[in-house]
Amino acid sequence: MTRMPAPIVSPTPAAPAPDGPDKITVKGLEFYYGDFHALTDVTVPIKSTAVTAFIGPSGCGKSTFIRCFNRMNDLIPGTRLEGKVTLDGQDIYAPGVDPVDLRRRVGMIFQQPNPFPMSIYDNVAFGPRLHGITKKSELDDLVRDSLDRANLWKEVKDILGRGGLTLSGGQQQRLCIARVLAVQPEVLLMDEPCSAIDPTSVQKIEDLMAVLKESITIIIVTHNMQQAARVSDFTAFFLQEVAGEAAVLVEYDRTTNVFTSPRDKRTEDYITGRFG
Amino acid sequence: MSKRIANQIALALLWTSALTTVAVLFAVILYVVVNGIGQLSLGFIFTWPRGVNAEGGVWPTIVSTLYVTALAMVIVTPIAILAAVYLAEYAVQGRLVSIIRCAADTLASVPSIVMGLFGLALFVEAAHIGFSMLSAALALTFLMLPIVMRTTEEAIRAVPKYIRWGSYGLGATKWQTVRRTVLPAAMPRILTGLILATGRAVGETAVVIYTMGQAINMPVSPLDSGRPMTVHLYLLAMEGINLPAAYGTALLLMIMILGFNLSARYLLRRTRKV
């Protein structure tokens with residue numbers, strides 16, 4: 001998505017971020033795809049009930065990194081992770097941790113809206129049904145509540161039986177958000193959720209993030225620095241300095257600090273548009 | 001200038017070739033229709049043959065054909081789908097899977113008359129099932145299994161990766177993902193493959209001529225013998241007893257297969273819109 005040049009920091013900055021407890025901690029993370037070393041020495045906290053943005057040029061490993069939090073990388077053969085990732089103090093890579101259970105607590109939104117080929121209602125009820133909820137009234141409430149939180153209820157309340165794929169791209173993405181919210185996750189991972197959808201839906205998604213972060217910890221990967229500045233409380237900047245070598249975490253701080261007074265020269269160059 | 005002429009010649013050549021294909025199709029259809037249409041009537045479809053089985057209708061042969069086809073598909077469908085799910089979703093992609101795939105493709109290209117001979121030896125004789133719907137259906141299974149398995153596997157592979165991610169991302173297990181998202185998403189293409197295979201089974205001659213028998217008979221139990229439409233058509237024509245009735249049967253057969261193919265196309269087209 002392209003937008004008119006705008007001031008990098010939003011004119012009405014969000015209220016100071018709560019410097020709350022860490023929901024997730026990452027210590028000394030190394031990540032490999034087979035022989036390729038993708039990320040090295042990443043240590044970063046993810047604050048509870050706040051939005052953390054991962055920014056950086058293409059190929060800097062930010063999407064790889066976000067998939068570490070729900071062990072989505074486990075699905076890619078040949079990947080390997082070293083270091084420690086904890087959720088509420090618990091090592092999520094410890095033996096005995098079932099990634100299936102983890103993914104209920106850590107939901108994920110993908111770049112490409114991916115509704116299932118079924119009705120809007122069934123899309124949202126999919127997760128709850130997986131986890132054993134079958135009572136109609138309970139499902140009805142969950143579907144309505146989730147669609148409402150995803151800023152989609154008003155648009156679809158009369159067409160719940162229609163196929164999810166008949167919606168517009170932006171509506172599909174909000175349907176996917178509703179689908180994740182229906183399993184009541186504690187953490188929401190968003191991997192470039194707005195790069196393939198219309199501006200109106202982008203606005204609605206940014207609005208709902210502001211509400212959701214009061215109860216859910218959100219991590220967003222974005223190419224759009226204005227978006228990172230608008231929606232996030234904390235920002236982490238990743239960079240692969242030499243092609244073929246592992247990317248590093250260059251800087252992590254409150255978003256206001258990263259965008260107004262970055263500590264690292266490379267961060268400054270990136271956010272002022274000198275590369276990437 | 002010569003470039004333009006070359007272009008014209010190429011275009012004419014391509015156009016003629018394409019036209020030839022269509023012309024052959026229409027010639028065959030037209031010939032059968034012109035010769036067979038006079039025979040077609042409700043009486044022809046719904047009555048029994050008379051005399052030396054050369055006069056009258058073809059009703060028991062239609063039933064035999066549909067009976068054996070349905071029985072074969074009932075056997076083929078679950079095996080083919082489960083095998084395809086295993087190959088596409090569970091098996092570690094490596095040598096073994098390549099061997100299975102290669103075996104399936106080879107099996108699919110075995111001449112059907114050889115499969116018929118095999119069915120005769122195995123089911124009719126060795127297993128003592130005799131000439132019957134069951135023997136013919138089992139032999140047809142051999143023919144259909146690799147075809148349906150491969151189309152199903154392609155259908156499953158065509159389901160986009162991100163649909164699976166969506167399901168895993170909600171905390172679904174592998175089996176839940178396969179059963180609740182991958183198979184439903186692949187279902188239209190799977191059904192299309194099944195319908196096309198059904199059309200092939202209806203038109204199959206060599207396999208059933210060896211395994212079903214030739215007696216005009218209304219099959220009730222799977223152990224009953226019968227005469228399928230294709231064999232009836234063959235006997236009518238080759239024994240030269242009633243050529244018009246042969247064309248009538250041929251036309252019926254073509255209409256049935258065309259019906260299967262058109263419904264497969266319709267299914268595939270409709271799902272593209274969802």
# chains A, B, ... in the order shown; residues from 1 in each chain; ligands from 1
>>> residues_around(residues="Asp41 of chain A", least_positions_apart="4", cutoff="7 Å", atoms="only C-alpha atoms", output="JSON, numbers by chain")
{"A": [28, 29, 30, 248]}
>>> interface_residues(of="chain B", to="chain A", cutoff="8 Å", atoms="only C-alpha atoms", output="number ranges by chain")
B: 162-163, 166, 168-173, 176, 181, 184-185, 274
>>> atom_distance(atom1="atom CA of Ala139 of chain B", atom2="atom CA of Leu196 of chain B")
17.8 Å
>>> residues_around(residues="Ile218 of chain A", least_positions_apart="3", cutoff="8 Å", atoms="only C-alpha atoms", output="number ranges by chain")
A: 49-52, 187-190, 209, 213
>>> select_by_dssp(residues="segment 123-262 of chain A", states="strand (DSSP E)", output="list of chain:residue names")
A:Val187, A:Leu188, A:Leu189, A:Met190, A:Asp191, A:Thr217, A:Ile218, A:Ile219, A:Ile220, A:Val221, A:Phe234, A:Thr235, A:Ala236, A:Phe237, A:Phe238, A:Leu239, A:Val248, A:Leu249, A:Val250, A:Glu251, A:Tyr252, A:Asp253, A:Arg254
>>> select_by_dssp(residues="segment 37-70 of chain A", states="helix (DSSP H, G or I)", output="NGL selection string")
:A and (62-66)
>>> closest_residue(among="B:Glu89, B:Ile75, B:Ala155, B:Val182", to="Ser167 of chain B", atoms="only C-alpha atoms")
B:Val182
>>> residues_around(residues="Cys68 of chain A", least_positions_apart="5", cutoff="10 Å", atoms="only C-alpha atoms", output="JSON, numbers by chain")
{"A": [26, 29, 31, 63, 73, 74, 81, 85, 92, 93]}
>>> residues_around(residues="segment 122-131 of chain B", least_positions_apart="2", cutoff="6 Å", atoms="only C-alpha atoms", output="list in words")
Phe118, Gly119, Leu120, Ser135, Thr211, Met212, Gly213 and Ser225 of chain B
>>> atom_distance(atom1="atom CA of Arg189 of chain B", atom2="atom CA of Val24 of chain B")
28.6 Å
>>> atom_distance(atom1="atom CA of Val110 of chain B", atom2="atom CA of Phe260 of chain B")
23.6 Å
